[in-house]
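What follows is target-v9.cif (mmCIF, C-alpha atoms and all ligand atoms).
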data_data
loop_
_atom_site.label_atom_id
_atom_site.label_comp_id
_atom_site.auth_asym_id
_atom_site.auth_seq_id
_atom_site.Cartn_x
_atom_site.Cartn_y
_atom_site.Cartn_z
CA MET C 1 -17.63 21.59 12.75
CA THR C 2 -19.05 23.62 9.87
CA THR C 3 -17.29 25.14 6.86
CA PRO C 4 -17.89 28.89 6.44
CA LEU C 5 -18.45 30.16 2.90
CA TYR C 6 -16.66 33.42 3.68
CA PRO C 7 -12.90 33.59 4.24
CA SER C 8 -11.83 33.85 7.89
CA ILE C 9 -11.39 37.66 7.79
CA TYR C 10 -15.20 37.89 7.50
CA GLN C 11 -16.00 35.50 10.33
CA VAL C 12 -17.28 37.98 12.87
CA ASP C 13 -20.70 36.40 12.99
CA ASP C 14 -21.43 32.69 13.46
CA GLU C 15 -24.79 33.16 11.71
CA LEU C 16 -23.07 33.66 8.36
CA PRO C 17 -23.73 30.88 5.80
CA VAL C 18 -21.84 27.60 5.84
CA ALA C 19 -21.14 25.00 3.13
CA GLU C 20 -23.35 22.49 5.00
CA ASP C 21 -26.38 24.65 4.13
CA PHE C 22 -25.48 26.22 0.77
CA THR C 23 -23.54 25.00 -2.27
CA VAL C 24 -21.76 27.48 -4.50
CA THR C 25 -21.86 25.96 -7.96
CA SER C 26 -21.50 26.90 -11.61
CA VAL C 27 -24.92 27.04 -13.29
CA LYS C 28 -24.60 27.46 -17.05
CA ARG C 29 -21.71 28.94 -18.96
CA LYS C 30 -23.72 32.09 -19.62
CA VAL C 31 -25.15 32.47 -16.13
CA GLY C 32 -21.92 31.81 -14.23
CA MET C 33 -21.91 30.90 -10.56
CA GLY C 34 -24.98 30.34 -8.44
CA VAL C 35 -25.92 29.27 -4.93
CA LYS C 36 -28.08 26.21 -4.19
CA SER C 37 -29.79 25.44 -0.93
CA VAL C 38 -28.85 22.06 0.51
CA HIS C 39 -32.09 21.90 2.54
CA ALA C 40 -35.72 22.73 1.84
CA ILE C 41 -36.66 26.23 3.07
CA PRO C 42 -40.25 27.33 3.70
CA ARG C 43 -41.60 30.61 2.41
CA GLY C 44 -41.31 33.74 4.54
CA VAL C 45 -38.24 32.93 6.64
CA ARG C 46 -34.75 34.34 6.96
CA VAL C 47 -32.63 32.18 4.69
CA ALA C 48 -29.24 33.56 5.71
CA LYS C 49 -27.24 36.60 6.72
CA PHE C 50 -24.54 37.95 4.45
CA THR C 51 -21.62 40.34 4.53
CA GLY C 52 -18.95 41.86 2.31
CA GLN C 53 -16.75 44.88 1.84
CA LEU C 54 -18.15 48.33 1.13
CA SER C 55 -17.19 49.88 -2.17
CA SER C 56 -18.11 53.14 -3.88
CA LYS C 57 -18.10 51.37 -7.25
CA VAL C 58 -20.51 49.03 -8.96
CA LEU C 59 -18.58 45.80 -9.57
CA GLN C 60 -19.60 42.38 -10.84
CA HIS C 61 -20.44 41.00 -7.41
CA THR C 62 -21.68 44.13 -5.64
CA LEU C 63 -25.12 44.81 -4.24
CA GLN C 64 -26.32 48.33 -3.64
CA VAL C 65 -26.74 49.38 0.00
CA SER C 66 -27.44 53.10 -0.54
CA PRO C 67 -27.18 55.55 -3.48
CA ASP C 68 -23.37 55.67 -3.15
CA ALA C 69 -22.47 52.47 -1.31
CA HIS C 70 -22.17 48.95 -2.67
CA LEU C 71 -21.41 45.74 -0.81
CA HIS C 72 -18.85 43.59 -2.56
CA ASP C 73 -19.43 39.90 -1.85
CA PRO C 74 -17.87 37.44 -4.31
CA TYR C 75 -18.43 34.52 -1.89
CA PHE C 76 -22.17 34.24 -1.37
CA VAL C 77 -24.84 36.85 -2.00
CA GLY C 78 -22.99 38.43 -4.94
CA LEU C 79 -23.24 35.03 -6.66
CA LEU C 80 -27.03 34.67 -6.47
CA THR C 81 -28.78 34.11 -9.80
CA HIS C 82 -31.26 36.61 -11.24
CA SER C 83 -34.88 35.65 -11.84
CA CYS C 84 -37.82 37.87 -12.83
CA ALA C 85 -39.90 35.71 -10.44
CA PRO C 86 -37.32 35.15 -7.67
CA ASN C 87 -37.64 32.82 -4.67
CA CYS C 88 -35.71 35.22 -2.40
CA VAL C 89 -35.43 38.91 -1.62
CA LEU C 90 -32.59 40.82 0.05
CA ASP C 91 -32.90 43.14 3.03
CA MET C 92 -29.97 45.47 2.34
CA GLN C 93 -30.34 47.25 5.70
CA ARG C 94 -30.09 44.14 7.85
CA LEU C 95 -28.00 42.22 5.28
CA GLU C 96 -30.37 39.25 5.29
CA ILE C 97 -31.92 37.03 2.62
CA TRP C 98 -35.59 36.12 3.02
CA SER C 99 -37.54 33.45 1.13
CA LEU C 100 -40.50 34.57 -1.00
CA SER C 101 -41.68 31.05 -1.82
CA ASP C 102 -41.06 27.47 -0.75
CA ILE C 103 -37.58 26.38 -1.80
CA LYS C 104 -36.81 22.71 -2.41
CA ALA C 105 -33.51 21.08 -1.48
CA GLY C 106 -31.13 21.63 -4.39
CA ASP C 107 -32.96 24.71 -5.74
CA LEU C 108 -30.97 27.76 -6.79
CA LEU C 109 -31.55 30.84 -4.66
CA THR C 110 -32.73 33.62 -6.97
CA ILE C 111 -33.25 37.36 -6.58
CA ASP C 112 -34.47 40.13 -8.89
CA TYR C 113 -31.36 42.25 -9.53
CA ALA C 114 -33.45 45.33 -10.35
CA VAL C 115 -34.85 45.40 -6.79
CA THR C 116 -31.54 46.47 -5.22
CA GLU C 117 -29.57 48.01 -8.12
CA ASP C 118 -30.03 51.47 -9.65
CA VAL C 119 -27.57 50.63 -12.43
CA LEU C 120 -26.25 47.16 -13.22
CA HIS C 121 -22.57 46.35 -13.69
CA ARG C 122 -23.69 44.71 -16.94
CA GLN C 123 -27.17 44.50 -18.49
CA PHE C 124 -28.09 41.07 -19.82
CA ALA C 125 -30.68 38.98 -21.66
CA CYS C 126 -32.86 36.86 -19.35
CA GLY C 127 -34.38 33.47 -20.05
CA CYS C 128 -35.52 32.71 -16.51
CA GLY C 129 -38.68 31.05 -17.80
CA SER C 130 -41.07 33.10 -15.68
CA SER C 131 -44.28 34.26 -17.38
CA HIS C 132 -43.32 37.75 -16.18
CA CYS C 133 -39.81 37.57 -17.64
CA ARG C 134 -38.65 41.04 -18.71
CA ARG C 135 -36.27 39.48 -21.30
CA TRP C 136 -33.63 42.18 -20.84
CA ILE C 137 -32.47 43.06 -17.33
CA THR C 138 -31.42 46.55 -16.31
CA GLY C 139 -31.11 48.38 -13.00
CA ARG C 140 -34.22 50.15 -11.69
CA ARG C 141 -32.99 53.59 -12.74
CA GLU C 142 -31.70 52.89 -16.24
CA GLY C 143 -33.19 51.98 -19.58
CA PRO C 144 -31.87 49.24 -21.84
CA ASN C 145 -28.53 50.04 -23.49
CA GLU C 146 -27.92 49.85 -27.24
CA ILE C 147 -27.51 46.07 -27.21
CA GLY C 148 -30.64 45.70 -25.08
CA VAL C 149 -32.72 47.84 -27.44
CA ALA C 150 -31.52 45.80 -30.43
CA TYR C 151 -32.17 42.54 -28.57
CA LEU C 152 -35.72 43.55 -27.60
CA GLU C 153 -36.43 44.81 -31.14
CA GLY C 154 -35.18 41.46 -32.48
CA LEU C 155 -37.58 39.61 -30.14
CA ALA C 156 -40.43 41.90 -31.18
CA ALA C 157 -39.65 41.35 -34.88
CA LYS C 158 -39.66 37.57 -34.35
CA LYS C 159 -43.00 37.83 -32.56
CA ILE C 160 -44.50 39.96 -35.36
CA LYS C 161 -43.31 37.41 -37.94
CA ARG C 162 -44.81 34.55 -35.94
CA LEU C 163 -48.16 36.33 -35.55
CA ALA C 164 -48.20 37.22 -39.26
CA THR C 165 -47.59 33.57 -40.19
CA MET C 166 -50.40 32.45 -37.89
CA GLU C 167 -52.71 35.06 -39.39
CA LYS C 168 -51.84 33.91 -42.91
CA ARG C 169 -52.57 30.28 -42.04
CA ARG C 170 -55.86 31.23 -40.49
CA SER C 171 -57.04 33.28 -43.50
CA SER C 172 -55.98 30.60 -46.03
CA ARG C 173 -58.18 28.00 -44.35
ZN ZN F 201 -36.45 36.75 -16.65
#

Mind turning the file's structure into structure tokens?
Ligand SMILES: [Zn+2]
Amino acid sequence: MTTPLYPSIYQVDDELPVAEDFTVTSVKRKVGMGVKSVHAIPRGVRVAKFTGQLSSKVLQHTLQVSPDAHLHDPYFVGLLTHSCAPNCVLDMQRLEIWSLSDIKAGDLLTIDYAVTEDVLHRQFACGCGSSHCRRWITGRREGPNEIGVAYLEGLAAKKIKRLATMEKRRSSR
């Protein structure tokens, strides 16, 4: 017997994820919920199928299917964590998750939110740790909002200050 992650009204497909393979867990207070893989998963395979309810609105746990349609899934795929260097990618036509790199048992499944979303429900600061981290995450068809602009300017100002201090030290030697 396995324990489906989706409530029984969704159980039309026995390939949908089960609790024996994936753990829904809270990550950090700021990040919220996330999904960890119980088992190791090699790169380049189908990790899972997913489902949800179609909505015309962008909600907290929706993923964009087409310009006007969003899939609301607060049980599994809508809970995946963002990373600027993700280990998974979503196929929004087939409703499947595929692995982009080797995933160890206990790793969080991550996706790049900007890949599927034109406009995010909420833009946010990112500290994913990737060397390609964009620092402020938006949808693919929107620029940073007022808070994002201020946040990025703050980071830039800090960087300028740091470089200026380094320069000063160098020239005083
Ligand atoms: Zn990032």

Could you give me, as a list in words, the residues within 8 Å of segment 42-59 of chain C, counting all atoms listed in the file and dropping anything in the same chain fewer than 6 positions from it?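 What passes the distance filter is Tyr10, Glu15, Leu16, Pro17, Asp68, Ala69, His70, Leu71, His72, Asp73, Phe76, Val77, Leu95, Glu96, Ile97, Trp98, Ser99, Leu100, Ser101, Asp102, Ile103, Leu120 and His121 of chain C.
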
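Using only C-alpha atoms and all ligand atoms, the smallest distance between any of C:Ala114, C:Ile9, C:Cys133, C:Leu108 and ligand ZN 201 (chain F) comes from C:Cys133.
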
Please, which residues have at least one atom within 7 Å of an atom of ligand ZN 201 (chain F), using all atoms listed in the file, listed as a CSV table (one decimal) with C-alpha atoms, in the coordinates of the input?
chain,number,residue,atom,x,y,z
C,83,SER,CA,-34.9,35.6,-11.8
C,84,CYS,CA,-37.8,37.9,-12.8
C,126,CYS,CA,-32.9,36.9,-19.4
C,127,GLY,CA,-34.4,33.5,-20.0
C,128,CYS,CA,-35.5,32.7,-16.5
C,129,GLY,CA,-38.7,31.0,-17.8
C,130,SER,CA,-41.1,33.1,-15.7
C,132,HIS,CA,-43.3,37.8,-16.2
C,133,CYS,CA,-39.8,37.6,-17.6
C,134,ARG,CA,-38.6,41.0,-18.7
C,135,ARG,CA,-36.3,39.5,-21.3

Using only C-alpha atoms and a cutoff of 6 Å, can you tell me which residues are near (-19.6, 32.4, 0.6) in the file's coordinates, and write them out as a PyMOL selection string? chain C and resi 5-6+75-76

Pick from C:Gln11, C:Ser66, C:Thr2, C:Gly78: nearest to Gly32 of chain C, with all atoms listed in the file counted?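 When distances to Gly32 of chain C are compared using all atoms listed in the file, the smallest one comes from C:Gly78.
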
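Note that the spacing between atom CA of Glu167 of chain C and atom CA of Ala150 of chain C amounts to 25.4 Å.
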
Using all atoms listed in the file for the distances, tell me which of C:Met33, C:Ala19, C:Leu109, C:Val119 is nearest to Gln64 of chain C.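 Closest candidate: C:Val119.
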
Point-to-point distance from atom CA of Met1 of chain C to atom CA of Pro74 of chain C, Å rounded to tenths: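 Distance reported for this atom pair: 23.3 Å.
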
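Atom CA of Arg140 of chain C is positioned 18.1 Å from atom CA of Gln93 of chain C.
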
Return the single residue from C:Lys104, C:Arg162, C:Lys168, C:Arg122 that is closest to Thr62 of chain C, with distances computed using only C-alpha atoms.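 When distances to Thr62 of chain C are compared using only C-alpha atoms, the smallest one comes from C:Arg122.
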
Selected residue of minimal separation from Glu117 of chain C among C:Gly148, C:Gly143, C:Gly154, C:Pro67, counting all atoms listed in the file: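 Ranking C:Gly148, C:Gly143, C:Gly154, C:Pro67 by distance to Glu117 of chain C, first place goes to C:Pro67.
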
May I ask which of the residues C:Gln123, C:Val115, C:Thr23, C:Leu155 is the closest one to Gln60 of chain C, counting all atoms listed in the file?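 Closest candidate: C:Gln123.
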
Put a box with edges along x, y and z around all the listed atoms of segment 123-139 of chain C, pad it by 8 Å on each side, then give me its centre and sizes in Å, one decimal, as AutoDock Vina command-line options.
--center_x -35.7 --center_y 39.7 --center_z -17.3 --size_x 33.1 --size_y 33.3 --size_z 24.7
